[in-house]
file coords-v3.tsv (TSV, C-alpha atoms and all ligand atoms)
chain	number	residue	atom	x	y	z
A	1318	MET	CA	-20.93	-10.02	-8.85
A	1319	LYS	CA	-21.97	-8.35	-5.61
A	1320	ILE	CA	-18.80	-7.93	-3.57
A	1321	GLY	CA	-18.28	-6.63	-0.03
A	1322	ILE	CA	-14.87	-5.02	0.58
A	1323	THR	CA	-13.46	-4.42	4.04
A	1324	CYS	CA	-10.24	-2.50	4.59
A	1325	TYR	CA	-8.57	0.03	6.85
A	1326	PRO	CA	-10.01	3.25	5.49
A	1327	THR	CA	-7.10	5.45	6.49
A	1328	TYR	CA	-3.96	6.62	4.76
A	1329	GLY	CA	-2.20	3.32	4.08
A	1330	GLY	CA	-1.32	1.18	1.09
A	1331	SER	CA	-3.76	-1.63	1.88
A	1332	GLY	CA	-6.70	0.78	2.15
A	1333	VAL	CA	-5.63	2.58	-1.02
A	1334	LEU	CA	-5.32	-0.66	-2.92
A	1335	ALA	CA	-8.66	-2.01	-1.66
A	1336	THR	CA	-10.45	1.21	-2.56
A	1337	GLU	CA	-8.93	1.47	-6.03
A	1338	LEU	CA	-9.78	-2.17	-6.62
A	1339	GLY	CA	-13.40	-1.57	-5.59
A	1340	LYS	CA	-13.64	1.45	-7.88
A	1341	ALA	CA	-12.18	-0.47	-10.82
A	1342	LEU	CA	-14.49	-3.46	-10.22
A	1343	ALA	CA	-17.49	-1.12	-10.06
A	1344	LYS	CA	-16.50	0.31	-13.47
A	1345	ARG	CA	-16.51	-3.25	-14.80
A	1346	GLY	CA	-20.11	-3.67	-13.67
A	1347	HIS	CA	-19.73	-5.37	-10.30
A	1348	GLN	CA	-21.71	-3.99	-7.38
A	1349	ILE	CA	-19.32	-2.99	-4.59
A	1350	HIS	CA	-20.18	-2.54	-0.93
A	1351	PHE	CA	-17.43	-1.06	1.28
A	1352	ILE	CA	-17.83	-2.06	4.92
A	1353	SER	CA	-15.61	-0.20	7.38
A	1354	TYR	CA	-15.58	2.14	10.40
A	1355	ALA	CA	-15.04	5.20	8.18
A	1356	MET	CA	-15.34	6.01	4.52
A	1357	PRO	CA	-12.11	4.96	2.73
A	1358	LEU	CA	-10.10	8.08	1.86
A	1359	ARG	CA	-9.75	7.29	-1.82
A	1360	LEU	CA	-13.54	7.21	-2.23
A	1361	ASN	CA	-13.13	10.98	-1.80
A	1362	GLY	CA	-16.40	11.22	0.10
A	1363	GLY	CA	-18.20	10.80	-3.20
A	1364	TYR	CA	-20.67	8.36	-4.60
A	1365	ASP	CA	-20.67	6.44	-7.82
A	1366	ASN	CA	-22.77	4.05	-9.75
A	1367	ASN	CA	-22.31	0.54	-8.28
A	1368	ILE	CA	-20.46	1.74	-5.15
A	1369	PHE	CA	-22.02	1.73	-1.69
A	1370	TYR	CA	-20.58	2.44	1.73
A	1371	HIS	CA	-21.75	0.86	5.00
A	1372	GLU	CA	-20.36	2.25	8.23
A	1373	VAL	CA	-19.75	-0.09	11.15
A	1374	GLU	CA	-21.48	1.31	14.21
A	1375	MET	CA	-19.56	0.96	17.42
A	1376	ALA	CA	-21.61	0.77	20.59
A	1377	SER	CA	-19.88	2.00	23.71
A	1378	TYR	CA	-20.75	0.71	27.14
A	1379	PRO	CA	-18.96	1.33	30.45
A	1380	VAL	CA	-18.22	-2.40	30.86
A	1381	PHE	CA	-16.29	-2.47	27.58
A	1382	GLU	CA	-12.80	-1.33	28.42
A	1383	PHE	CA	-11.75	-1.70	24.77
A	1384	PRO	CA	-13.70	-1.06	21.57
A	1385	LEU	CA	-15.21	-4.32	20.29
A	1386	TYR	CA	-14.62	-3.79	16.58
A	1387	THR	CA	-14.30	-7.45	15.51
A	1388	PRO	CA	-17.85	-8.53	16.46
A	1389	ALA	CA	-19.36	-5.18	15.38
A	1390	LEU	CA	-17.74	-5.60	11.96
A	1391	ALA	CA	-18.94	-9.22	11.73
A	1392	SER	CA	-22.51	-8.12	12.47
A	1393	LYS	CA	-22.37	-5.43	9.80
A	1394	MET	CA	-20.95	-7.96	7.33
A	1395	VAL	CA	-23.88	-10.31	8.02
A	1396	GLU	CA	-26.37	-7.48	7.60
A	1397	VAL	CA	-24.91	-6.27	4.29
A	1398	ALA	CA	-24.38	-9.77	2.90
A	1399	THR	CA	-27.96	-10.75	3.76
A	1400	PHE	CA	-29.85	-7.67	2.65
A	1401	GLU	CA	-27.71	-6.77	-0.35
A	1402	GLY	CA	-27.27	-10.40	-1.44
A	1403	LEU	CA	-23.46	-10.41	-1.50
A	1404	ASP	CA	-21.74	-13.27	-3.32
A	1405	LEU	CA	-18.32	-12.62	-1.84
A	1406	LEU	CA	-16.59	-10.70	0.90
A	1407	HIS	CA	-13.05	-9.57	0.09
A	1408	VAL	CA	-11.15	-8.46	3.18
A	1409	HIS	CA	-7.85	-6.59	3.09
A	1410	TYR	CA	-5.35	-6.94	5.95
A	1411	ALA	CA	-5.95	-10.09	7.94
A	1412	ILE	CA	-6.26	-8.67	11.46
A	1413	PRO	CA	-9.08	-8.50	12.45
A	1414	HIS	CA	-10.90	-8.45	9.09
A	1415	ALA	CA	-10.43	-12.13	8.22
A	1416	THR	CA	-11.62	-13.08	11.69
A	1417	SER	CA	-14.79	-10.97	11.42
A	1418	ALA	CA	-15.38	-12.41	7.95
A	1419	TYR	CA	-15.12	-15.97	9.27
A	1420	LEU	CA	-17.65	-15.19	12.01
A	1421	ALA	CA	-19.95	-13.60	9.42
A	1422	LYS	CA	-19.65	-16.57	7.07
A	1423	LYS	CA	-20.70	-18.90	9.86
A	1424	MET	CA	-23.82	-16.81	10.43
A	1425	ILE	CA	-24.87	-16.48	6.78
A	1426	PRO	CA	-27.03	-19.42	5.69
A	1427	ASN	CA	-25.96	-19.28	2.05
A	1428	ASP	CA	-23.92	-22.19	0.69
A	1429	ASN	CA	-22.70	-20.06	-2.20
A	1430	PHE	CA	-21.29	-17.23	-0.09
A	1431	ARG	CA	-17.48	-17.01	-0.02
A	1432	VAL	CA	-14.73	-15.05	1.73
A	1433	THR	CA	-11.33	-14.14	0.38
A	1434	THR	CA	-8.48	-12.42	2.23
A	1435	THR	CA	-5.66	-10.31	0.84
A	1436	LEU	CA	-2.54	-10.22	2.98
A	1437	HIS	CA	-0.71	-6.91	2.73
A	1438	GLY	CA	2.35	-6.94	4.95
A	1439	THR	CA	2.61	-6.18	8.62
A	1440	ASP	CA	-0.55	-8.20	9.22
A	1441	ILE	CA	1.83	-11.15	8.65
A	1442	THR	CA	5.34	-9.87	9.28
A	1443	LEU	CA	4.76	-7.85	12.46
A	1444	VAL	CA	1.35	-7.80	14.13
A	1445	GLY	CA	0.52	-11.36	13.13
A	1446	LEU	CA	3.54	-12.72	14.98
A	1447	GLU	CA	2.37	-11.32	18.32
A	1448	PRO	CA	1.57	-14.33	20.52
A	1449	SER	CA	-1.77	-12.72	21.38
A	1450	PHE	CA	-2.82	-12.77	17.71
A	1451	LEU	CA	-0.98	-15.73	16.23
A	1452	PRO	CA	-3.47	-18.60	16.75
A	1453	VAL	CA	-6.44	-16.52	15.61
A	1454	MET	CA	-4.48	-15.26	12.58
A	1455	LYS	CA	-3.55	-18.76	11.45
A	1456	PHE	CA	-7.10	-19.97	11.98
A	1457	SER	CA	-8.67	-17.05	10.12
A	1458	ILE	CA	-6.36	-17.43	7.11
A	1459	GLU	CA	-6.99	-21.18	6.94
A	1460	LYS	CA	-10.76	-20.65	7.11
A	1461	SER	CA	-10.80	-18.10	4.32
A	1462	ASP	CA	-12.06	-19.63	1.06
A	1463	GLY	CA	-9.36	-17.80	-0.87
A	1464	VAL	CA	-6.15	-16.07	0.10
A	1465	THR	CA	-3.96	-13.70	-1.90
A	1466	ALA	CA	-0.66	-12.03	-1.07
A	1467	VAL	CA	0.73	-8.90	-2.69
A	1468	SER	CA	4.17	-10.41	-3.39
A	1469	ARG	CA	5.93	-13.76	-3.65
A	1470	TYR	CA	7.94	-12.73	-0.59
A	1471	LEU	CA	4.76	-12.29	1.47
A	1472	ARG	CA	3.36	-15.64	0.35
A	1473	GLU	CA	6.56	-17.43	1.43
A	1474	LYS	CA	6.63	-15.52	4.70
A	1475	THR	CA	3.01	-16.47	5.44
A	1476	LEU	CA	3.56	-20.14	4.70
A	1477	THR	CA	6.68	-20.31	6.87
A	1478	ASN	CA	5.52	-18.03	9.72
A	1479	TYR	CA	2.25	-19.85	10.17
A	1480	ASN	CA	3.18	-23.25	8.89
A	1481	ILE	CA	-0.12	-23.45	7.05
A	1482	ASN	CA	-0.99	-25.66	4.19
A	1483	LYS	CA	-3.04	-23.27	2.11
A	1484	GLU	CA	-2.96	-22.19	-1.50
A	1485	ILE	CA	-2.06	-18.51	-1.67
A	1486	ASP	CA	-2.37	-16.68	-4.98
A	1487	VAL	CA	0.18	-13.94	-5.53
A	1488	ILE	CA	-1.60	-10.91	-6.98
A	1489	PRO	CA	0.67	-7.88	-6.88
A	1490	ASN	CA	-0.54	-4.35	-6.26
A	1491	PHE	CA	-1.44	-2.17	-9.21
A	1492	VAL	CA	-1.42	1.43	-10.31
A	1493	ASP	CA	-3.85	3.40	-12.45
A	1494	LEU	CA	-1.51	4.39	-15.27
A	1495	GLU	CA	-3.89	7.05	-16.53
A	1496	GLU	CA	-3.91	8.82	-13.20
A	1497	TYR	CA	-0.28	8.17	-12.29
A	1498	ARG	CA	1.73	9.43	-15.25
A	1499	HIS	CA	4.37	12.08	-15.76
A	1500	VAL	CA	2.66	15.48	-15.91
A	1501	ASP	CA	3.94	19.04	-16.09
A	1502	ASP	CA	5.79	19.70	-12.84
A	1503	SER	CA	6.19	23.48	-13.16
A	1504	CYS	CA	3.43	24.18	-10.66
A	1505	VAL	CA	5.21	22.30	-7.85
A	1506	ARG	CA	8.57	23.85	-8.78
A	1507	GLN	CA	7.03	27.33	-8.80
A	1508	LYS	CA	5.14	26.86	-5.56
A	1509	PHE	CA	8.32	25.90	-3.72
A	1510	GLN	CA	10.68	28.00	-5.85
A	1511	LEU	CA	12.73	24.99	-6.84
A	1512	GLN	CA	13.69	25.90	-10.39
A	1513	ASP	CA	17.35	24.94	-10.19
A	1514	ARG	CA	17.29	22.32	-7.48
A	1515	ARG	CA	17.13	18.56	-7.68
A	1516	ILE	CA	14.06	17.10	-5.97
A	1517	LEU	CA	14.01	13.91	-3.90
A	1518	VAL	CA	10.68	12.58	-2.66
A	1519	HIS	CA	9.54	10.10	-0.03
A	1520	VAL	CA	5.94	9.11	0.73
A	1521	SER	CA	4.94	7.01	3.74
A	1522	ASN	CA	2.99	6.76	6.95
A	1523	PHE	CA	6.09	7.71	8.98
A	1524	ARG	CA	6.20	4.54	11.02
A	1525	GLN	CA	9.56	3.23	12.24
A	1526	VAL	CA	9.58	0.41	9.66
A	1527	LYS	CA	9.77	3.07	6.94
A	1528	ARG	CA	13.13	4.38	8.25
A	1529	VAL	CA	12.35	7.95	7.21
A	1530	GLN	CA	15.45	9.07	9.10
A	1531	ASP	CA	17.52	7.14	6.54
A	1532	VAL	CA	15.77	9.18	3.85
A	1533	ILE	CA	16.94	12.36	5.59
A	1534	ARG	CA	20.49	11.07	6.09
A	1535	THR	CA	20.69	10.01	2.44
A	1536	PHE	CA	19.45	13.44	1.42
A	1537	ASP	CA	22.09	15.06	3.66
A	1538	ILE	CA	24.78	13.28	1.64
A	1539	VAL	CA	23.25	14.50	-1.63
A	1540	ARG	CA	22.74	18.05	-0.33
A	1541	LYS	CA	26.44	18.36	0.43
A	1542	LYS	CA	27.17	17.86	-3.27
A	1543	MET	CA	24.44	19.85	-5.03
A	1544	PRO	CA	21.47	22.20	-4.56
A	1545	ALA	CA	18.60	19.88	-3.74
A	1546	VAL	CA	15.38	19.67	-1.81
A	1547	LEU	CA	13.67	16.76	-0.06
A	1548	ILE	CA	9.88	16.60	-0.12
A	1549	LEU	CA	8.38	14.34	2.55
A	1550	VAL	CA	4.74	13.38	2.12
A	1551	GLY	CA	2.68	11.68	4.83
A	1552	ASP	CA	2.43	11.71	8.56
A	1553	GLY	CA	2.79	9.32	11.45
A	1554	PRO	CA	4.48	8.52	14.75
A	1555	ASP	CA	8.06	9.07	13.55
A	1556	ARG	CA	7.50	12.55	12.14
A	1557	SER	CA	8.65	14.50	15.21
A	1558	ASN	CA	11.91	12.54	15.34
A	1559	CYS	CA	12.41	13.28	11.67
A	1560	GLU	CA	11.79	16.99	12.16
A	1561	MET	CA	14.30	16.92	15.01
A	1562	LEU	CA	16.90	15.22	12.81
A	1563	VAL	CA	16.36	17.79	10.07
A	1564	ARG	CA	17.08	20.58	12.58
A	1565	GLU	CA	20.14	18.74	13.95
A	1566	LEU	CA	21.57	18.45	10.44
A	1567	GLY	CA	20.72	22.08	9.65
A	1568	LEU	CA	18.52	21.10	6.72
A	1569	GLN	CA	15.43	23.16	7.66
A	1570	ASN	CA	15.52	25.16	4.44
A	1571	ASP	CA	15.92	22.10	2.23
A	1572	VAL	CA	13.39	19.64	3.65
A	1573	LYS	CA	9.66	20.20	3.20
A	1574	PHE	CA	7.18	18.23	5.28
A	1575	LEU	CA	3.90	18.33	3.36
A	1576	GLY	CA	1.89	16.04	5.64
A	1577	LYS	CA	-0.86	13.87	4.17
A	1578	GLN	CA	-1.66	14.59	0.54
A	1579	LEU	CA	-4.32	13.05	-1.65
A	1580	GLU	CA	-3.03	14.28	-5.01
A	1581	LEU	CA	0.40	12.85	-5.62
A	1582	THR	CA	0.84	12.93	-9.38
A	1583	GLU	CA	2.20	16.48	-9.62
A	1584	ILE	CA	4.54	16.02	-6.68
A	1585	LEU	CA	5.87	12.73	-8.02
A	1586	SER	CA	6.24	14.17	-11.51
A	1587	ALA	CA	8.44	16.92	-10.10
A	1588	ALA	CA	10.73	14.37	-8.43
A	1589	ASP	CA	14.13	13.38	-9.78
A	1590	LEU	CA	14.37	10.46	-7.37
A	1591	PHE	CA	12.14	8.53	-4.96
A	1592	LEU	CA	13.60	7.02	-1.77
A	1593	MET	CA	12.22	3.98	0.06
A	1594	PRO	CA	14.77	2.66	2.58
A	1595	SER	CA	12.24	0.57	4.58
A	1596	GLN	CA	13.03	-2.02	7.20
A	1597	GLN	CA	10.06	-4.07	6.01
A	1598	GLU	CA	8.03	-3.74	2.85
A	1599	SER	CA	5.95	-6.51	1.40
A	1600	PHE	CA	5.38	-4.59	-1.82
A	1601	GLY	CA	5.93	-0.79	-1.72
A	1602	LEU	CA	2.88	0.68	-3.42
A	1603	SER	CA	4.12	4.28	-3.26
A	1604	ALA	CA	7.34	3.26	-5.06
A	1605	LEU	CA	5.19	1.79	-7.84
A	1606	GLU	CA	3.24	5.06	-8.07
A	1607	ALA	CA	6.58	6.89	-8.40
A	1608	MET	CA	7.72	4.51	-11.16
A	1609	ALA	CA	4.47	5.11	-13.03
A	1610	CYS	CA	5.26	8.86	-12.91
A	1611	GLU	CA	8.73	8.13	-14.35
A	1612	VAL	CA	10.77	8.49	-11.20
A	1613	PRO	CA	13.70	6.13	-10.48
A	1614	VAL	CA	13.52	4.49	-7.04
A	1615	ILE	CA	16.35	3.89	-4.60
A	1616	SER	CA	15.19	1.32	-2.07
A	1617	SER	CA	16.38	-1.16	0.51
A	1618	SER	CA	16.57	-4.82	-0.42
A	1619	VAL	CA	13.85	-6.04	1.94
A	1620	GLY	CA	10.67	-8.03	1.39
A	1621	GLY	CA	8.93	-7.62	-1.93
A	1622	LEU	CA	10.93	-4.56	-3.02
A	1623	PRO	CA	13.26	-6.54	-5.32
A	1624	GLU	CA	10.13	-7.85	-7.10
A	1625	LEU	CA	9.29	-4.24	-7.91
A	1626	VAL	CA	12.54	-2.33	-8.27
A	1627	VAL	CA	15.08	-3.77	-10.72
A	1628	HIS	CA	18.59	-2.93	-9.60
A	1629	ASN	CA	20.49	-0.91	-12.20
A	1630	GLN	CA	17.44	-0.71	-14.46
A	1631	THR	CA	14.55	1.08	-12.74
A	1632	GLY	CA	16.59	2.26	-9.76
A	1633	TYR	CA	19.06	0.96	-7.23
A	1634	ILE	CA	18.78	-1.39	-4.26
A	1635	ALA	CA	20.97	-1.19	-1.13
A	1636	GLU	CA	21.12	-3.00	2.20
A	1637	ILE	CA	18.88	-1.72	5.02
A	1638	GLY	CA	20.52	1.20	6.78
A	1639	ASP	CA	23.33	1.63	4.23
A	1640	VAL	CA	22.73	5.36	3.74
A	1641	GLU	CA	26.26	5.87	2.40
A	1642	ARG	CA	25.50	3.61	-0.52
A	1643	MET	CA	22.03	5.08	-1.08
A	1644	GLY	CA	23.62	8.54	-1.08
A	1645	LYS	CA	26.25	7.36	-3.59
A	1646	TYR	CA	23.56	5.90	-5.87
A	1647	ALA	CA	21.50	9.08	-5.60
A	1648	ILE	CA	24.44	11.30	-6.54
A	1649	GLU	CA	25.32	8.97	-9.42
A	1650	LEU	CA	21.83	9.30	-10.92
A	1651	LEU	CA	21.48	13.01	-10.21
A	1652	THR	CA	24.74	13.77	-11.98
A	1653	ASN	CA	24.05	11.54	-14.97
A	1654	GLU	CA	20.81	12.78	-16.54
A	1655	GLN	CA	21.00	10.29	-19.40
A	1656	LYS	CA	21.07	7.35	-17.00
A	1657	ARG	CA	18.47	8.90	-14.68
A	1658	SER	CA	16.01	9.41	-17.48
A	1659	MET	CA	16.67	5.92	-18.88
A	1660	PHE	CA	15.85	4.44	-15.43
A	1661	ALA	CA	12.76	6.67	-15.30
A	1662	LYS	CA	11.46	5.31	-18.61
A	1663	GLU	CA	12.28	1.73	-17.60
A	1664	GLY	CA	10.29	2.21	-14.38
A	1665	ARG	CA	7.23	3.34	-16.29
A	1666	LYS	CA	7.63	0.42	-18.70
A	1667	ARG	CA	7.82	-2.06	-15.84
A	1668	ALA	CA	4.70	-0.53	-14.25
A	1669	GLU	CA	2.88	-0.84	-17.59
A	1670	GLU	CA	3.98	-4.42	-18.25
A	1671	LEU	CA	3.49	-5.95	-14.82
A	1672	PHE	CA	1.40	-3.74	-12.55
A	1673	SER	CA	-1.31	-2.06	-14.59
A	1674	LEU	CA	-4.82	-1.72	-13.19
A	1675	GLU	CA	-6.30	-3.60	-16.18
A	1676	LYS	CA	-3.98	-6.59	-15.77
A	1677	ILE	CA	-4.24	-6.92	-12.00
A	1678	VAL	CA	-7.99	-6.31	-11.70
A	1679	THR	CA	-8.46	-9.11	-14.23
A	1680	GLU	CA	-6.28	-11.33	-12.02
A	1681	TYR	CA	-8.56	-10.54	-9.08
A	1682	GLU	CA	-11.63	-11.42	-11.16
A	1683	ARG	CA	-10.03	-14.76	-12.04
A	1684	HIS	CA	-9.26	-15.34	-8.38
A	1685	TYR	CA	-12.91	-14.60	-7.48
A	1686	ASP	CA	-14.11	-17.11	-10.11
A	1687	LYS	CA	-11.81	-19.74	-8.66
A	1688	VAL	CA	-12.98	-19.10	-5.10
A	1689	MET	CA	-16.67	-19.08	-6.09
A	1690	ASN	CA	-16.31	-22.42	-7.86
A	1691	ALA	CA	-14.32	-24.18	-5.16
A	1692	PRO	CA	-15.91	-25.98	-2.19
A	1693	LYS	CA	-16.72	-23.69	0.72
A	1694	VAL	CA	-14.23	-23.91	3.60
A	1695	GLU	CA	-16.22	-24.64	6.75
B	1	LIG	O1	1.90	-2.78	6.93
B	1	LIG	C1	1.84	-1.59	6.67
B	1	LIG	O2	2.77	-0.78	6.64
B	1	LIG	C2	0.52	-1.10	6.35
B	1	LIG	C3	0.10	-1.61	5.05
B	1	LIG	C4	-0.93	-0.64	4.65
B	1	LIG	O3	-2.06	-0.79	5.10
B	1	LIG	O4	-0.59	0.28	3.96
B	1	LIG	O5	1.19	-1.62	4.09
B	1	LIG	C5	1.44	-2.85	3.49
B	1	LIG	O6	0.54	-2.95	2.39
B	1	LIG	C6	0.84	-2.16	1.26
B	1	LIG	C7	-0.24	-2.42	0.20
B	1	LIG	O7	-0.25	-3.75	-0.19
B	1	LIG	C8	2.23	-2.52	0.73
B	1	LIG	O8	2.53	-1.74	-0.43
B	1	LIG	C9	3.25	-2.22	1.82
B	1	LIG	O9	4.52	-2.67	1.35
B	1	LIG	C10	2.91	-2.98	3.08
B	1	LIG	N1	3.78	-2.51	4.16
B	1	LIG	C11	4.71	-3.27	4.72
B	1	LIG	O10	4.93	-4.42	4.40
B	1	LIG	C12	5.53	-2.62	5.78
call {"tool": "encode", "arguments": {"input": "coords-v3.tsv", "output": "structure tokens", "more": "lines below"}}
Ligand code: GMT
result
Amino acid sequence: MKIGITCYPTYGGSGVLATELGKALAKRGHQIHFISYAMPLRLNGGYDNNIFYHEVEMASYPVFEFPLYTPALASKMVEVATFEGLDLLHVHYAIPHATSAYLAKKMIPNDNFRVTTTLHGTDITLVGLEPSFLPVMKFSIEKSDGVTAVSRYLREKTLTNYNINKEIDVIPNFVDLEEYRHVDDSCVRQKFQLQDRRILVHVSNFRQVKRVQDVIRTFDIVRKKMPAVLILVGDGPDRSNCEMLVRELGLQNDVKFLGKQLELTEILSAADLFLMPSQQESFGLSALEAMACEVPVISSSVGGLPELVVHNQTGYIAEIGDVERMGKYAIELLTNEQKRSMFAKEGRKRAEELFSLEKIVTEYERHYDKVMNAPKVE
């Protein structure tokens, strides 16, 4: 098939997932055209057989007080679909991608052209609920020929939030188990001189929903009991507050802020535990990547996290904000190596059984077949 993929190209789970999906589909022989305002990070600025990138040009004009991305994206979608002969446009994150895709579909005079939308999380649970977006969100989802959600939780949330009568296929996120696997961690340990210390890791975009300060408070509890270090990967609006909290707690020598990183396998492989105490999380892709590298996950109980993390098997689940309990769970695993390594192996097994690239990309191909063979939604 010839497939257009639109996503946020920056450092976020939906962009990562969309890019990895495109790369995997290209390897299977599909022709993939990424359409976005910047090259998706995980394309690594490179080129590959069957992968093309089309940048959305944004005209500026003094009358436009705000950038007009939605129509500019729709125009680029029409151009690529027409001249490259796309069969399908797969958009990730509903706002505004599903809206641009609907506009594009209306302009493309091809009865066989279809649009499918993957819902990732805050497009439904946060931004989508804004009164200024809600009607257009509902409309755009309903007018998509196919819709997928990355967890059962997100499907239910979409159906109830928007009161829509639409079939939504649950296709969970996936991980490349070849790339994300436990590797020798000595390089990370040497670099940071961590030979005898336990390592806790958190990866996120440092937005408030991630509750990175709970990660630091949980680590503080652990640090009082044993030599340990916390590695924080990523960047975002909450980082300064987190750095302030680290100073307040006197943890400057034990917390390392690495900022955005593209290569995570070595860092994750060095970790003894991964923390994800989010306020909202429709799936938790970085927790899956940790599991694939054989790292037990301690998470909150929100959203799709219980579909990923199995309590007392691949990690532990606690209520949002309950740092005392998360700290207790962390200490329990860090002082019981047999249990910790059993959880680590179970995490990898779960990733292999339910969330492998091969399995999930095949599910997307089946979804595409279904959408292509169903009547077009006008
Ligand atoms: O909503 C966000 O935080 C951004 C979004 C993204 O673009 O990374 O994350 C969502 O999509 C990811 C990929 O499907 C999921 O793993 C995250 O759980 C989800 N984030 C939230 O629900 C908060």
call {"tool": "atom_distance", "arguments": {"input": "coords-v3.tsv", "atom1": "CA of Gly1567 (chain A)", "atom2": "CA of Gln1510 (chain A)"}}
result
19.4 Å
call {"tool": "residues_near_point", "arguments": {"input": "coords-v3.tsv", "point": "(17.2, 9.3, -4.3)", "cutoff": "12 Å", "atoms": "only C-alpha atoms", "output": "CSV table (one decimal) with C-alpha atoms, keeping the file's coordinate frame"}}
result
chain,number,residue,atom,x,y,z
A,1515,ARG,CA,17.1,18.6,-7.7
A,1516,ILE,CA,14.1,17.1,-6.0
A,1517,LEU,CA,14.0,13.9,-3.9
A,1518,VAL,CA,10.7,12.6,-2.7
A,1519,HIS,CA,9.5,10.1,0.0
A,1531,ASP,CA,17.5,7.1,6.5
A,1532,VAL,CA,15.8,9.2,3.8
A,1533,ILE,CA,16.9,12.4,5.6
A,1534,ARG,CA,20.5,11.1,6.1
A,1535,THR,CA,20.7,10.0,2.4
A,1536,PHE,CA,19.4,13.4,1.4
A,1537,ASP,CA,22.1,15.1,3.7
A,1538,ILE,CA,24.8,13.3,1.6
A,1539,VAL,CA,23.2,14.5,-1.6
A,1540,ARG,CA,22.7,18.0,-0.3
A,1545,ALA,CA,18.6,19.9,-3.7
A,1546,VAL,CA,15.4,19.7,-1.8
A,1547,LEU,CA,13.7,16.8,-0.1
A,1548,ILE,CA,9.9,16.6,-0.1
A,1588,ALA,CA,10.7,14.4,-8.4
A,1589,ASP,CA,14.1,13.4,-9.8
A,1590,LEU,CA,14.4,10.5,-7.4
A,1591,PHE,CA,12.1,8.5,-5.0
A,1592,LEU,CA,13.6,7.0,-1.8
A,1593,MET,CA,12.2,4.0,0.1
A,1594,PRO,CA,14.8,2.7,2.6
A,1604,ALA,CA,7.3,3.3,-5.1
A,1607,ALA,CA,6.6,6.9,-8.4
A,1612,VAL,CA,10.8,8.5,-11.2
A,1613,PRO,CA,13.7,6.1,-10.5
A,1614,VAL,CA,13.5,4.5,-7.0
A,1615,ILE,CA,16.4,3.9,-4.6
A,1616,SER,CA,15.2,1.3,-2.1
A,1617,SER,CA,16.4,-1.2,0.5
A,1632,GLY,CA,16.6,2.3,-9.8
A,1633,TYR,CA,19.1,1.0,-7.2
A,1634,ILE,CA,18.8,-1.4,-4.3
A,1635,ALA,CA,21.0,-1.2,-1.1
A,1640,VAL,CA,22.7,5.4,3.7
A,1641,GLU,CA,26.3,5.9,2.4
A,1642,ARG,CA,25.5,3.6,-0.5
A,1643,MET,CA,22.0,5.1,-1.1
A,1644,GLY,CA,23.6,8.5,-1.1
A,1645,LYS,CA,26.2,7.4,-3.6
A,1646,TYR,CA,23.6,5.9,-5.9
A,1647,ALA,CA,21.5,9.1,-5.6
A,1648,ILE,CA,24.4,11.3,-6.5
A,1649,GLU,CA,25.3,9.0,-9.4
A,1650,LEU,CA,21.8,9.3,-10.9
A,1651,LEU,CA,21.5,13.0,-10.2
A,1652,THR,CA,24.7,13.8,-12.0
A,1657,ARG,CA,18.5,8.9,-14.7
call {"tool": "closest_residue", "arguments": {"input": "coords-v3.tsv", "among": "A:Glu1682, A:Glu1611, A:Glu1598, A:Glu1675", "to": "ligand LIG 1 (chain B)", "atoms": "only C-alpha atoms and all ligand atoms"}}
result
A:Glu1598
call {"tool": "residues_near_ligand", "arguments": {"input": "coords-v3.tsv", "ligand": "ligand LIG 1 (chain B)", "cutoff": "7 Å", "atoms": "only C-alpha atoms and all ligand atoms", "output": "ChimeraX atom specification"}}
result
/A:1325,1329-1332,1334,1437-1440,1467,1490,1526,1597-1603
call {"tool": "closest_residue", "arguments": {"input": "coords-v3.tsv", "among": "A:Ala1355, A:Leu1671, A:Ile1412, A:Ala1587", "to": "Leu1446 (chain A)", "atoms": "all atoms listed in the file"}}
result
A:Ile1412
call {"tool": "closest_residue", "arguments": {"input": "coords-v3.tsv", "among": "A:Phe1450, A:Phe1456, A:Phe1491, A:Phe1430", "to": "Asn1690 (chain A)", "atoms": "only C-alpha atoms"}}
result
A:Phe1430
call {"tool": "residues_around", "arguments": {"input": "coords-v3.tsv", "residues": "Val1694 (chain A)", "least_positions_apart": "5", "cutoff": "12 Å", "atoms": "only C-alpha atoms", "output": "PyMOL selection string"}}
result
chain A and resi 1419+1422-1423+1428-1433+1456-1464+1483+1688-1689
call {"tool": "residues_near_point", "arguments": {"input": "coords-v3.tsv", "point": "(-1.9, -15.9, -2.7)", "cutoff": "9 Å", "atoms": "only C-alpha atoms", "output": "PDB file with C-alpha atoms, in the frame of the given file"}}
result
ATOM      1  CA  THR A1434      -8.480 -12.420   2.230  1.00  0.00           C
ATOM      2  CA  THR A1435      -5.660 -10.310   0.840  1.00  0.00           C
ATOM      3  CA  LEU A1436      -2.540 -10.220   2.980  1.00  0.00           C
ATOM      4  CA  GLY A1463      -9.360 -17.800  -0.870  1.00  0.00           C
ATOM      5  CA  VAL A1464      -6.150 -16.070   0.100  1.00  0.00           C
ATOM      6  CA  THR A1465      -3.960 -13.700  -1.900  1.00  0.00           C
ATOM      7  CA  ALA A1466      -0.660 -12.030  -1.070  1.00  0.00           C
ATOM      8  CA  VAL A1467       0.730  -8.900  -2.690  1.00  0.00           C
ATOM      9  CA  SER A1468       4.170 -10.410  -3.390  1.00  0.00           C
ATOM     10  CA  ARG A1469       5.930 -13.760  -3.650  1.00  0.00           C
ATOM     11  CA  LEU A1471       4.760 -12.290   1.470  1.00  0.00           C
ATOM     12  CA  ARG A1472       3.360 -15.640   0.350  1.00  0.00           C
ATOM     13  CA  LYS A1483      -3.040 -23.270   2.110  1.00  0.00           C
ATOM     14  CA  GLU A1484      -2.960 -22.190  -1.500  1.00  0.00           C
ATOM     15  CA  ILE A1485      -2.060 -18.510  -1.670  1.00  0.00           C
ATOM     16  CA  ASP A1486      -2.370 -16.680  -4.980  1.00  0.00           C
ATOM     17  CA  VAL A1487       0.180 -13.940  -5.530  1.00  0.00           C
ATOM     18  CA  ILE A1488      -1.600 -10.910  -6.980  1.00  0.00           C
TER      19      ILE A1488
END
